[in-house]
$ cat my_file-v2.cif   # mmCIF, C-alpha atoms and all ligand atoms
data_data
#
loop_
_atom_site.label_atom_id
_atom_site.label_comp_id
_atom_site.auth_asym_id
_atom_site.auth_seq_id
_atom_site.Cartn_x
_atom_site.Cartn_y
_atom_site.Cartn_z
CA MET I 1 0.00 0.00 0.00
CA LYS I 2 2.79 2.37 0.97
CA ASP I 3 4.32 2.17 -2.52
CA GLN I 4 0.98 2.65 -4.21
CA VAL I 5 0.35 5.79 -2.14
CA ARG I 6 3.75 7.23 -3.00
CA ALA I 7 3.32 6.46 -6.72
CA LEU I 8 -0.11 8.06 -6.70
CA ARG I 9 1.24 11.17 -5.03
CA GLU I 10 3.99 11.51 -7.62
CA ASP I 11 1.52 11.02 -10.45
CA PHE I 12 -0.77 13.63 -8.95
CA ASP I 13 2.00 16.22 -8.49
CA ARG I 14 3.07 15.79 -12.07
CA GLU I 15 -0.43 15.95 -13.48
CA LEU I 16 -1.31 18.97 -11.35
CA LYS I 17 1.57 20.91 -12.85
CA ALA I 18 0.35 20.10 -16.34
CA ALA I 19 -3.29 21.04 -15.69
CA GLY I 20 -3.77 24.37 -17.49
CA ASP I 21 -7.31 25.46 -16.76
CA ALA I 22 -10.43 24.95 -14.66
CA SER I 23 -11.74 22.02 -16.67
CA ALA I 24 -8.41 20.18 -16.51
CA LEU I 25 -8.42 20.66 -12.72
CA GLN I 26 -11.96 19.27 -12.49
CA ALA I 27 -10.93 16.18 -14.50
CA LEU I 28 -7.99 15.69 -12.12
CA ARG I 29 -10.29 15.97 -9.12
CA ASP I 30 -12.61 13.31 -10.57
CA ARG I 31 -9.74 10.97 -11.33
CA TYR I 32 -8.33 11.06 -7.79
CA LEU I 33 -11.25 11.85 -5.50
CA GLY I 34 -14.31 10.81 -7.57
CA ARG I 35 -16.81 8.79 -5.52
CA LYS I 36 -16.99 5.97 -8.01
CA ALA I 37 -13.79 5.86 -10.04
CA GLY I 38 -11.41 7.98 -7.96
CA ALA I 39 -7.98 6.36 -7.42
CA ILE I 40 -7.81 7.42 -3.73
CA THR I 41 -11.40 6.31 -3.19
CA ALA I 42 -10.49 2.88 -4.54
CA LEU I 43 -7.55 2.52 -2.14
CA MET I 44 -9.79 3.65 0.75
CA LYS I 45 -12.13 0.82 -0.13
CA ALA I 46 -9.22 -1.63 -0.22
CA LEU I 47 -8.28 -0.78 3.40
CA GLY I 48 -10.95 -3.16 4.67
CA ALA I 49 -8.98 -6.14 3.43
CA LEU I 50 -5.95 -5.31 5.60
CA GLY I 51 -5.13 -6.38 9.12
CA PRO I 52 -5.78 -3.84 11.92
CA ALA I 53 -2.21 -2.61 12.42
CA GLU I 54 -1.47 -2.31 8.71
CA ARG I 55 -4.83 -0.68 8.14
CA ARG I 56 -4.10 2.06 10.71
CA VAL I 57 -0.79 3.01 9.10
CA ALA I 58 -2.13 2.82 5.54
CA GLY I 59 -5.25 4.75 6.53
CA GLN I 60 -3.12 7.55 7.90
CA GLU I 61 -1.02 7.68 4.73
CA LEU I 62 -4.10 7.69 2.53
CA ASN I 63 -5.67 10.52 4.54
CA GLU I 64 -2.53 12.56 4.19
CA LEU I 65 -2.54 11.96 0.44
CA LYS I 66 -6.20 12.94 0.22
CA THR I 67 -5.52 16.21 2.09
CA HIS I 68 -2.51 16.84 -0.14
CA VAL I 69 -4.58 16.32 -3.29
CA GLU I 70 -7.48 18.46 -2.07
CA SER I 71 -5.34 21.38 -0.99
CA GLY I 72 -3.25 21.12 -4.18
CA LEU I 73 -6.39 21.27 -6.31
CA ASP I 74 -7.89 24.14 -4.27
CA ALA I 75 -4.75 26.21 -4.51
CA ALA I 76 -4.50 25.59 -8.27
CA ARG I 77 -8.14 26.58 -8.73
CA ASP I 78 -7.62 29.86 -6.81
CA ARG I 79 -4.54 30.60 -8.85
CA ALA I 80 -6.35 30.00 -12.15
CA ALA I 81 -9.19 32.29 -11.10
CA SER I 82 -6.91 35.16 -10.09
CA ASP I 83 -4.86 34.72 -13.26
CA SER I 84 -7.91 35.19 -15.44
CA THR I 85 -9.01 38.25 -13.43
CA ALA I 86 -5.56 39.76 -13.90
CA GLN I 87 -5.73 39.04 -17.61
CA ARG I 88 -9.14 40.66 -17.90
CA LEU I 89 -8.04 43.73 -16.00
CA ALA I 90 -5.05 44.06 -18.31
CA ARG I 91 -7.22 43.62 -21.36
CA GLU I 92 -9.89 46.09 -20.25
CA ARG I 93 -7.48 48.69 -19.01
CA LEU I 94 -9.02 52.15 -19.31
CA ASP I 95 -6.98 55.31 -19.24
CA ILE I 96 -9.30 57.77 -17.52
CA THR I 97 -6.74 60.54 -17.91
CA LEU I 98 -7.19 60.64 -21.73
CA PRO I 99 -9.16 63.68 -22.98
CA GLY I 100 -12.74 62.90 -24.12
CA ARG I 101 -13.70 62.60 -27.77
CA ARG I 102 -15.81 65.53 -28.93
CA PRO I 103 -18.27 64.86 -31.76
CA PRO I 104 -17.70 67.38 -34.57
CA HIS I 105 -20.03 70.38 -34.50
CA GLY I 106 -22.05 71.02 -37.68
CA ARG I 107 -22.79 74.51 -38.94
CA ARG I 108 -24.93 76.28 -41.50
CA HIS I 109 -23.90 76.07 -45.14
CA PRO I 110 -22.86 79.57 -46.31
CA LEU I 111 -25.87 79.63 -48.67
CA THR I 112 -28.25 78.66 -45.87
CA ALA I 113 -26.68 81.33 -43.66
CA ALA I 114 -27.10 83.96 -46.41
CA ARG I 115 -30.73 82.98 -47.03
CA GLU I 116 -31.63 82.96 -43.36
CA ASP I 117 -29.94 86.30 -42.74
CA LEU I 118 -31.90 87.79 -45.65
CA GLU I 119 -35.12 86.28 -44.33
CA ASP I 120 -34.50 87.62 -40.83
CA ILE I 121 -34.07 91.17 -42.12
CA PHE I 122 -37.37 91.07 -44.01
CA LEU I 123 -39.23 89.25 -41.24
CA ALA I 124 -38.18 92.08 -38.92
CA MET I 125 -39.71 94.53 -41.42
CA GLY I 126 -43.02 92.66 -41.26
CA TYR I 127 -42.72 90.56 -44.42
CA GLU I 128 -44.25 87.11 -44.82
CA ILE I 129 -42.29 84.21 -46.35
CA PHE I 130 -44.10 82.62 -49.30
CA ASP I 131 -43.07 79.39 -51.00
CA GLY I 132 -43.84 78.39 -54.59
CA PRO I 133 -43.19 75.34 -56.80
CA GLU I 134 -39.94 74.89 -58.75
CA VAL I 135 -41.78 73.11 -61.57
CA GLU I 136 -43.88 75.84 -63.11
CA ASP I 137 -45.89 76.63 -66.20
CA ASP I 138 -45.40 79.26 -68.85
CA TYR I 139 -48.22 81.39 -67.46
CA HIS I 140 -46.73 81.94 -63.97
CA CYS I 141 -43.13 82.21 -65.16
CA PHE I 142 -43.56 84.49 -68.18
CA GLU I 143 -47.05 85.23 -69.43
CA ALA I 144 -48.53 86.83 -66.30
CA LEU I 145 -45.29 88.76 -65.82
CA ASN I 146 -45.89 90.64 -69.05
CA MET I 147 -43.64 88.38 -71.14
CA PRO I 148 -45.86 86.92 -73.88
CA ALA I 149 -44.57 84.05 -76.02
CA ASP I 150 -42.68 86.23 -78.52
CA HIS I 151 -41.14 88.59 -75.95
CA PRO I 152 -37.38 89.01 -76.44
CA ALA I 153 -36.75 89.22 -72.67
CA ARG I 154 -37.45 85.48 -72.52
CA ASP I 155 -34.14 84.86 -74.26
CA MET I 156 -32.22 86.10 -71.23
CA GLN I 157 -33.79 83.40 -69.12
CA ASP I 158 -33.81 80.37 -71.37
CA THR I 159 -34.79 77.42 -69.25
CA PHE I 160 -35.41 73.69 -69.03
CA TYR I 161 -38.73 72.61 -70.48
CA LEU I 162 -40.33 69.37 -69.38
CA ALA I 163 -41.42 67.09 -72.22
CA GLU I 164 -45.05 66.97 -71.20
CA GLY I 165 -47.79 69.32 -70.07
CA GLY I 166 -46.13 72.61 -71.02
CA LEU I 167 -44.19 72.60 -67.76
CA LEU I 168 -40.77 74.12 -67.11
CA LEU I 169 -38.32 74.75 -64.30
CA ARG I 170 -38.86 78.30 -63.07
CA THR I 171 -36.19 80.76 -64.20
CA HIS I 172 -36.80 83.21 -61.38
CA THR I 173 -38.73 83.52 -58.12
CA SER I 174 -40.86 86.28 -59.70
CA THR I 175 -43.41 83.46 -60.18
CA GLY I 176 -44.07 83.94 -56.45
CA GLN I 177 -45.52 87.39 -57.15
CA ILE I 178 -48.24 85.88 -59.34
CA ARG I 179 -48.90 82.85 -57.16
CA TYR I 180 -49.25 84.97 -54.03
CA MET I 181 -51.58 87.54 -55.59
CA LEU I 182 -53.74 84.75 -57.01
CA SER I 183 -53.91 83.04 -53.61
CA ASN I 184 -55.10 86.45 -52.42
CA PRO I 185 -55.17 86.11 -48.61
CA HIS I 186 -55.77 89.76 -47.67
CA PRO I 187 -56.18 91.88 -50.80
CA PRO I 188 -54.90 94.23 -51.90
CA ASP I 189 -52.10 94.37 -49.31
CA VAL I 190 -48.98 92.33 -50.02
CA ARG I 191 -45.66 92.25 -48.22
CA ILE I 192 -43.82 89.03 -49.02
CA ILE I 193 -40.49 87.49 -49.84
CA CYS I 194 -40.17 84.23 -51.80
CA PRO I 195 -36.84 82.43 -51.39
CA GLY I 196 -36.14 79.38 -53.52
CA LYS I 197 -34.29 77.50 -56.22
CA VAL I 198 -34.39 78.63 -59.84
CA TYR I 199 -33.00 77.11 -63.05
CA ARG I 200 -31.41 78.51 -66.19
CA ARG I 201 -29.35 77.34 -69.14
CA ASP I 202 -26.32 79.11 -67.69
CA ASP I 203 -23.03 77.56 -66.76
CA ASP I 204 -19.78 79.35 -66.02
CA ILE I 205 -17.60 80.30 -63.07
CA THR I 206 -20.21 82.66 -61.57
CA HIS I 207 -23.38 81.00 -62.96
CA SER I 208 -24.84 77.59 -62.23
CA PRO I 209 -27.84 75.91 -63.96
CA MET I 210 -29.44 75.80 -60.51
CA PHE I 211 -29.16 78.68 -58.09
CA GLN I 212 -31.26 80.45 -55.50
CA GLN I 213 -33.07 83.75 -55.42
CA ILE I 214 -35.16 85.82 -53.09
CA GLU I 215 -38.06 87.73 -54.57
CA GLY I 216 -39.84 90.55 -52.82
CA LEU I 217 -43.25 92.08 -53.47
CA VAL I 218 -45.00 94.94 -51.73
CA VAL I 219 -48.44 96.11 -52.89
CA GLY I 220 -50.86 98.57 -51.34
CA LYS I 221 -52.36 101.98 -51.61
CA GLY I 222 -49.82 104.76 -52.05
CA ILE I 223 -46.66 102.64 -52.38
CA THR I 224 -44.02 104.76 -54.18
CA LEU I 225 -40.56 104.56 -55.68
CA GLY I 226 -39.44 106.27 -52.46
CA ASP I 227 -40.64 103.22 -50.50
CA LEU I 228 -38.69 100.98 -52.87
CA LYS I 229 -35.49 102.98 -52.41
CA GLY I 230 -35.84 103.27 -48.63
CA THR I 231 -36.63 99.57 -48.18
CA ILE I 232 -33.76 98.35 -50.35
CA GLU I 233 -31.29 100.72 -48.78
CA ALA I 234 -32.33 99.64 -45.27
CA PHE I 235 -32.07 96.01 -46.27
CA LEU I 236 -28.61 96.29 -47.88
CA HIS I 237 -27.29 98.28 -44.95
CA ALA I 238 -28.62 95.67 -42.50
CA LEU I 239 -26.96 92.90 -44.50
CA PHE I 240 -23.59 94.42 -45.40
CA GLY I 241 -23.19 97.42 -43.08
CA ALA I 242 -24.29 101.05 -43.29
CA GLN I 243 -20.88 102.24 -44.52
CA PHE I 244 -21.55 101.05 -48.09
CA PRO I 245 -23.37 103.42 -50.48
CA VAL I 246 -26.38 102.19 -52.49
CA ARG I 247 -26.97 103.36 -56.07
CA PHE I 248 -30.08 103.03 -58.28
CA ARG I 249 -29.67 102.90 -62.07
CA PRO I 250 -32.43 102.90 -64.68
CA SER I 251 -32.98 99.45 -66.16
CA TYR I 252 -35.59 97.33 -67.88
CA PHE I 253 -37.72 94.39 -66.75
CA PRO I 254 -41.06 93.59 -68.45
CA TYR I 255 -42.89 93.30 -65.11
CA THR I 256 -41.77 96.65 -63.63
CA GLU I 257 -42.04 100.26 -64.76
CA PRO I 258 -39.89 102.09 -63.99
CA SER I 259 -37.23 99.42 -63.46
CA VAL I 260 -33.99 99.88 -61.56
CA GLU I 261 -30.75 98.02 -61.13
CA VAL I 262 -29.34 98.33 -57.61
CA ASP I 263 -25.60 98.62 -57.00
CA LEU I 264 -23.76 98.46 -53.70
CA GLY I 265 -20.41 100.15 -53.06
CA CYS I 266 -17.85 97.33 -53.32
CA VAL I 267 -17.61 95.60 -49.95
CA VAL I 268 -14.18 94.18 -50.82
CA CYS I 269 -12.25 97.34 -51.77
CA GLY I 270 -14.58 99.96 -50.26
CA GLY I 271 -15.11 101.56 -53.70
CA LYS I 272 -11.49 102.04 -54.77
CA GLY I 273 -11.74 99.39 -57.51
CA CYS I 274 -10.64 95.75 -57.35
CA ARG I 275 -10.91 92.37 -59.06
CA VAL I 276 -14.32 91.62 -57.47
CA CYS I 277 -15.99 94.88 -58.66
CA LYS I 278 -14.07 94.76 -61.96
CA GLN I 279 -12.38 98.06 -61.06
CA THR I 280 -15.74 99.93 -61.01
CA GLY I 281 -16.06 100.33 -57.24
CA TRP I 282 -19.65 99.02 -57.48
CA LEU I 283 -21.30 95.59 -57.22
CA GLU I 284 -24.50 94.83 -59.14
CA ILE I 285 -26.62 93.30 -56.45
CA MET I 286 -30.29 93.16 -57.51
CA GLY I 287 -33.08 94.09 -59.90
CA SER I 288 -36.14 96.01 -58.83
CA GLY I 289 -38.92 98.33 -59.96
CA MET I 290 -42.51 99.47 -59.57
CA VAL I 291 -44.95 96.68 -60.45
CA HIS I 292 -46.14 97.08 -64.05
CA PRO I 293 -49.94 97.63 -64.32
CA ALA I 294 -50.03 94.76 -66.84
CA VAL I 295 -49.07 92.37 -64.01
CA PHE I 296 -52.03 93.48 -61.87
CA GLU I 297 -54.29 93.20 -64.91
CA ALA I 298 -53.13 89.65 -65.65
CA VAL I 299 -53.86 88.62 -62.05
CA ASN I 300 -57.28 90.31 -62.12
CA ALA I 301 -58.11 88.52 -65.40
CA ARG I 302 -57.27 85.16 -63.82
CA LEU I 303 -59.24 85.95 -60.69
CA GLY I 304 -62.22 87.04 -62.80
CA ARG I 305 -62.64 90.35 -60.91
CA VAL I 306 -60.65 93.46 -60.12
CA VAL I 307 -58.77 92.79 -56.90
CA TYR I 308 -55.61 94.76 -57.64
CA ASP I 309 -56.93 97.85 -59.40
CA PRO I 310 -53.95 99.58 -61.10
CA GLU I 311 -55.77 102.88 -60.60
CA GLU I 312 -55.97 102.26 -56.85
CA VAL I 313 -52.90 100.28 -55.82
CA THR I 314 -49.23 100.39 -56.63
CA GLY I 315 -46.35 98.22 -55.58
CA PHE I 316 -42.68 97.46 -55.90
CA ALA I 317 -40.86 94.22 -56.53
CA PHE I 318 -37.26 93.11 -56.32
CA GLY I 319 -35.20 90.00 -56.88
CA LEU I 320 -31.68 88.98 -55.97
CA GLY I 321 -29.45 85.94 -56.06
CA ILE I 322 -28.51 84.25 -52.79
CA GLU I 323 -25.25 82.83 -54.20
CA ARG I 324 -24.31 86.33 -55.35
CA VAL I 325 -24.85 87.68 -51.83
CA ALA I 326 -22.74 84.89 -50.31
CA MET I 327 -19.98 85.35 -52.92
CA VAL I 328 -19.78 89.09 -52.35
CA ARG I 329 -19.93 88.65 -48.60
CA HIS I 330 -17.08 86.15 -48.39
CA GLY I 331 -15.06 87.22 -51.45
CA ILE I 332 -15.67 83.89 -53.26
CA ASP I 333 -15.10 83.93 -57.02
CA ASN I 334 -16.26 80.43 -58.05
CA ILE I 335 -19.92 79.49 -57.57
CA ARG I 336 -19.14 75.72 -57.81
CA LEU I 337 -17.50 75.81 -54.39
CA PHE I 338 -20.95 76.09 -52.82
CA TYR I 339 -22.17 72.82 -54.30
CA GLU I 340 -19.15 70.55 -53.85
CA ASN I 341 -19.63 70.22 -50.10
CA ASP I 342 -15.91 70.01 -49.45
CA LEU I 343 -15.51 70.43 -45.70
CA ARG I 344 -12.19 72.24 -46.17
CA PHE I 345 -14.20 74.98 -47.88
CA LEU I 346 -17.31 74.89 -45.69
CA GLU I 347 -15.39 74.96 -42.41
CA GLN I 348 -14.03 78.40 -43.24
CA PHE I 349 -17.38 80.05 -42.58
CA PRO I 350 -18.83 80.88 -39.20
CA GLY I 351 -22.22 79.42 -40.21
N1 LIG E 401 -36.53 88.24 -62.00
C1 LIG E 401 -35.32 88.98 -62.19
C2 LIG E 401 -34.18 88.05 -62.52
O1 LIG E 401 -34.33 86.87 -62.36
C3 LIG E 401 -34.96 89.76 -60.95
C4 LIG E 401 -35.96 90.84 -60.71
C5 LIG E 401 -35.81 92.08 -61.33
C6 LIG E 401 -37.04 90.61 -59.89
C7 LIG E 401 -36.72 93.07 -61.10
C8 LIG E 401 -37.99 91.61 -59.67
C9 LIG E 401 -37.79 92.84 -60.29
O2 LIG E 401 -39.04 91.43 -58.90
O3 LIG E 401 -38.69 93.83 -60.06
O4 LIG E 401 -33.16 88.48 -62.93
#

$ encode --input "my_file-v2.cif" --output "structure tokens"
Amino acid sequence: MKDQVRALREDFDRELKAAGDASALQALRDRYLGRKAGAITALMKALGALGPAERRVAGQELNELKTHVESGLDAARDRAASDSTAQRLARERLDITLPGRRPPHGRRHPLTAAREDLEDIFLAMGYEIFDGPEVEDDYHCFEALNMPADHPARDMQDTFYLAEGGLLLRTHTSTGQIRYMLSNPHPPDVRIICPGKVYRRDDDITHSPMFQQIEGLVVGKGITLGDLKGTIEAFLHALFGAQFPVRFRPSYFPYTEPSVEVDLGCVVCGGKGCRVCKQTGWLEIMGSGMVHPAVFEAVNARLGRVVYDPEEVTGFAFGLGIERVAMVRHGIDNIRLFYENDLRFLEQFPG
């Protein structure tokens, strides 16, 4: 028995060293201490066949071996558990002294900023914002604006015609004038702006086939050219600063009479002459004029009654390009930059 116990102990010590993980340790425990097939259990059972003196000595040796095996297994189990905790801690190590990650902050696109700044100025002056469709018909885009089919002014705004239904992409937001007066919410008073996309067969460094405009229309009793000049001057000064002079030049648009072209003292060179103002000291910024009586008459004809009587009411209208405002504002010379959405460009603006 003594030899068997010693051999078993040596086997166990060797196997314990080789046991790498919890399941190997459990297998070892079963093999030595298992109730049915355990090697120590089997020797315990064999004790009964020995004589009393021999049995006492062998029993003591077996008990010692059992204690040795149990404590060896327990210690190995504890070691395995603390090893895996240490490994996990190492793996999940978190450096709480690192600075946090800030999500990038978005901002307004320079065209959105220009449009909203324009809108804010007119909202503060009591204007309403009116929205119209980009797919239009000939009537709202040209006809009602005193540009019949053979009118030469149409050539300046050649557009994209849809194949069916006589539809086209609007060439200007002046369509909003007609649509608003026809919708006729509180006649004959009108004080609106219509921001939106417009389309033309134009394509060069300062023109894009799609761009944005803001139209304005004011109608009422006793509206004069003086109101037009005062409003536009107040608006341009609010947008660019009161230090820049505003100049009105005679011009021609079919839907206004008289018509004016509005220039702003160059915001880049202050009027001395530079590349942006083509050495003139002035920037062409918008078209405007007193609403032509033919426009009121066209609306009345559609409505079937006289709502905007040209003998009773007058009005002024204006239109300007949002890209143009943003280009002048930021000294940008290529309109494409607005549409490429390159963050290196967009991040240069305060939004
Ligand atoms: N519709 C013109 C354009 O697209 C701009 C314009 C000029 C609008 C004079 C007006 C106006 O309302 O009175 O170039």

$ residues_near_ligand --input "my_file-v2.cif" --ligand "ligand LIG 401 (chain E)" --cutoff "7 Å" --atoms "only C-alpha atoms and all ligand atoms" --output "PDB file with C-alpha atoms, in the frame of the given file"
ATOM      1  CA  THR I 171     -36.190  80.760 -64.200  1.00  0.00           C
ATOM      2  CA  HIS I 172     -36.800  83.210 -61.380  1.00  0.00           C
ATOM      3  CA  THR I 173     -38.730  83.520 -58.120  1.00  0.00           C
ATOM      4  CA  SER I 174     -40.860  86.280 -59.700  1.00  0.00           C
ATOM      5  CA  GLU I 215     -38.060  87.730 -54.570  1.00  0.00           C
ATOM      6  CA  GLY I 216     -39.840  90.550 -52.820  1.00  0.00           C
ATOM      7  CA  LEU I 217     -43.250  92.080 -53.470  1.00  0.00           C
ATOM      8  CA  PHE I 253     -37.720  94.390 -66.750  1.00  0.00           C
ATOM      9  CA  TYR I 255     -42.890  93.300 -65.110  1.00  0.00           C
ATOM     10  CA  THR I 256     -41.770  96.650 -63.630  1.00  0.00           C
ATOM     11  CA  SER I 259     -37.230  99.420 -63.460  1.00  0.00           C
ATOM     12  CA  MET I 286     -30.290  93.160 -57.510  1.00  0.00           C
ATOM     13  CA  GLY I 287     -33.080  94.090 -59.900  1.00  0.00           C
ATOM     14  CA  SER I 288     -36.140  96.010 -58.830  1.00  0.00           C
ATOM     15  CA  GLY I 289     -38.920  98.330 -59.960  1.00  0.00           C
ATOM     16  CA  MET I 290     -42.510  99.470 -59.570  1.00  0.00           C
ATOM     17  CA  VAL I 291     -44.950  96.680 -60.450  1.00  0.00           C
ATOM     18  CA  PHE I 316     -42.680  97.460 -55.900  1.00  0.00           C
ATOM     19  CA  ALA I 317     -40.860  94.220 -56.530  1.00  0.00           C
ATOM     20  CA  PHE I 318     -37.260  93.110 -56.320  1.00  0.00           C
ATOM     21  CA  GLY I 319     -35.200  90.000 -56.880  1.00  0.00           C
ATOM     22  CA  LEU I 320     -31.680  88.980 -55.970  1.00  0.00           C
TER      23      LEU I 320
END

$ closest_residue --input "my_file-v2.cif" --among "I:Ile332, I:Ile193, I:Glu92, I:Gly106" --to "I:Gly126" --atoms "all atoms listed in the file"
I:Ile193

$ atom_distance --input "my_file-v2.cif" --atom1 "atom CA of I:Phe160" --atom2 "atom CA of I:Leu303"
28.1 Å

$ closest_residue --input "my_file-v2.cif" --among "I:Tyr127, I:Arg329, I:Thr314, I:Ala238" --to "I:Leu283" --atoms "only C-alpha atoms"
I:Arg329

$ residues_near_point --input "my_file-v2.cif" --point "(0.5, 24.6, -9.9)" --cutoff "7 Å" --atoms "only C-alpha atoms" --output "PyMOL selection string"
chain I and resi 16-17+76

$ closest_residue --input "my_file-v2.cif" --among "I:Phe240, I:Arg179, I:Leu73, I:Glu347" --to "I:Gln26" --atoms "all atoms listed in the file"
I:Leu73

$ residues_around --input "my_file-v2.cif" --residues "stretch 263-272 of chain I" --least-positions-apart "2" --cutoff "6 Å" --atoms "all atoms listed in the file" --output "PDB file with C-alpha atoms, keeping the file's coordinate frame"
ATOM      1  CA  PHE I 244     -21.550 101.050 -48.090  1.00  0.00           C
ATOM      2  CA  PRO I 245     -23.370 103.420 -50.480  1.00  0.00           C
ATOM      3  CA  VAL I 246     -26.380 102.190 -52.490  1.00  0.00           C
ATOM      4  CA  ARG I 247     -26.970 103.360 -56.070  1.00  0.00           C
ATOM      5  CA  GLY I 281     -16.060 100.330 -57.240  1.00  0.00           C
ATOM      6  CA  TRP I 282     -19.650  99.020 -57.480  1.00  0.00           C
ATOM      7  CA  LEU I 283     -21.300  95.590 -57.220  1.00  0.00           C
ATOM      8  CA  GLU I 284     -24.500  94.830 -59.140  1.00  0.00           C
ATOM      9  CA  ILE I 285     -26.620  93.300 -56.450  1.00  0.00           C
TER      10      ILE I 285
END

$ atom_distance --input "my_file-v2.cif" --atom1 "atom CA of I:Met181" --atom2 "atom CA of I:Ala294"
13.5 Å

$ atom_distance --input "my_file-v2.cif" --atom1 "atom CA of I:Ala114" --atom2 "atom CA of I:Gly241"
14.4 Å

$ residues_around --input "my_file-v2.cif" --residues "stretch 40-50 of chain I" --least-positions-apart "6" --cutoff "12 Å" --atoms "all atoms listed in the file" --output "number ranges by chain"
I: 1-9, 12, 28-34, 56-70

$ build_atoms --input "my_file-v2.cif" --residues "stretch 199-210 of chain I" --atoms "N, CA, C and O atoms" --output "PDB file, in the frame of the given file"
ATOM      1  N   TYR I 199     -33.782  77.891 -62.080  1.00  0.00           N
ATOM      2  CA  TYR I 199     -33.000  77.110 -63.050  1.00  0.00           C
ATOM      3  C   TYR I 199     -32.850  77.872 -64.357  1.00  0.00           C
ATOM      4  O   TYR I 199     -33.814  78.447 -64.856  1.00  0.00           O
ATOM      5  N   ARG I 200     -31.642  77.861 -64.886  1.00  0.00           N
ATOM      6  CA  ARG I 200     -31.410  78.510 -66.190  1.00  0.00           C
ATOM      7  C   ARG I 200     -30.348  77.757 -66.981  1.00  0.00           C
ATOM      8  O   ARG I 200     -29.496  77.093 -66.391  1.00  0.00           O
ATOM      9  N   ARG I 201     -30.380  77.962 -68.312  1.00  0.00           N
ATOM     10  CA  ARG I 201     -29.350  77.340 -69.140  1.00  0.00           C
ATOM     11  C   ARG I 201     -28.103  78.215 -69.105  1.00  0.00           C
ATOM     12  O   ARG I 201     -27.712  78.809 -70.087  1.00  0.00           O
ATOM     13  N   ASP I 202     -27.493  78.264 -67.923  1.00  0.00           N
ATOM     14  CA  ASP I 202     -26.320  79.110 -67.690  1.00  0.00           C
ATOM     15  C   ASP I 202     -25.276  78.264 -66.999  1.00  0.00           C
ATOM     16  O   ASP I 202     -25.619  77.513 -66.091  1.00  0.00           O
ATOM     17  N   ASP I 203     -24.040  78.401 -67.399  1.00  0.00           N
ATOM     18  CA  ASP I 203     -23.030  77.560 -66.760  1.00  0.00           C
ATOM     19  C   ASP I 203     -21.641  78.138 -66.951  1.00  0.00           C
ATOM     20  O   ASP I 203     -21.018  77.941 -67.986  1.00  0.00           O
ATOM     21  N   ASP I 204     -21.173  78.911 -65.987  1.00  0.00           N
ATOM     22  CA  ASP I 204     -19.780  79.350 -66.020  1.00  0.00           C
ATOM     23  C   ASP I 204     -19.313  79.566 -64.583  1.00  0.00           C
ATOM     24  O   ASP I 204     -19.988  79.140 -63.645  1.00  0.00           O
ATOM     25  N   ILE I 205     -18.196  80.256 -64.410  1.00  0.00           N
ATOM     26  CA  ILE I 205     -17.600  80.300 -63.070  1.00  0.00           C
ATOM     27  C   ILE I 205     -18.474  81.034 -62.041  1.00  0.00           C
ATOM     28  O   ILE I 205     -18.430  80.761 -60.843  1.00  0.00           O
ATOM     29  N   THR I 206     -19.331  81.960 -62.514  1.00  0.00           N
ATOM     30  CA  THR I 206     -20.210  82.660 -61.570  1.00  0.00           C
ATOM     31  C   THR I 206     -21.692  82.301 -61.771  1.00  0.00           C
ATOM     32  O   THR I 206     -22.554  82.853 -61.101  1.00  0.00           O
ATOM     33  N   HIS I 207     -21.995  81.395 -62.730  1.00  0.00           N
ATOM     34  CA  HIS I 207     -23.380  81.000 -62.960  1.00  0.00           C
ATOM     35  C   HIS I 207     -23.509  79.477 -62.922  1.00  0.00           C
ATOM     36  O   HIS I 207     -22.677  78.769 -63.473  1.00  0.00           O
ATOM     37  N   SER I 208     -24.583  79.021 -62.297  1.00  0.00           N
ATOM     38  CA  SER I 208     -24.840  77.590 -62.230  1.00  0.00           C
ATOM     39  C   SER I 208     -26.243  77.336 -62.771  1.00  0.00           C
ATOM     40  O   SER I 208     -27.113  78.196 -62.627  1.00  0.00           O
ATOM     41  N   PRO I 209     -26.499  76.180 -63.417  1.00  0.00           N
ATOM     42  CA  PRO I 209     -27.840  75.910 -63.960  1.00  0.00           C
ATOM     43  C   PRO I 209     -28.913  75.906 -62.862  1.00  0.00           C
ATOM     44  O   PRO I 209     -30.088  76.067 -63.139  1.00  0.00           O
ATOM     45  N   MET I 210     -28.502  75.685 -61.638  1.00  0.00           N
ATOM     46  CA  MET I 210     -29.440  75.800 -60.510  1.00  0.00           C
ATOM     47  C   MET I 210     -28.835  76.814 -59.566  1.00  0.00           C
ATOM     48  O   MET I 210     -27.640  76.737 -59.268  1.00  0.00           O
TER      49      MET I 210
END
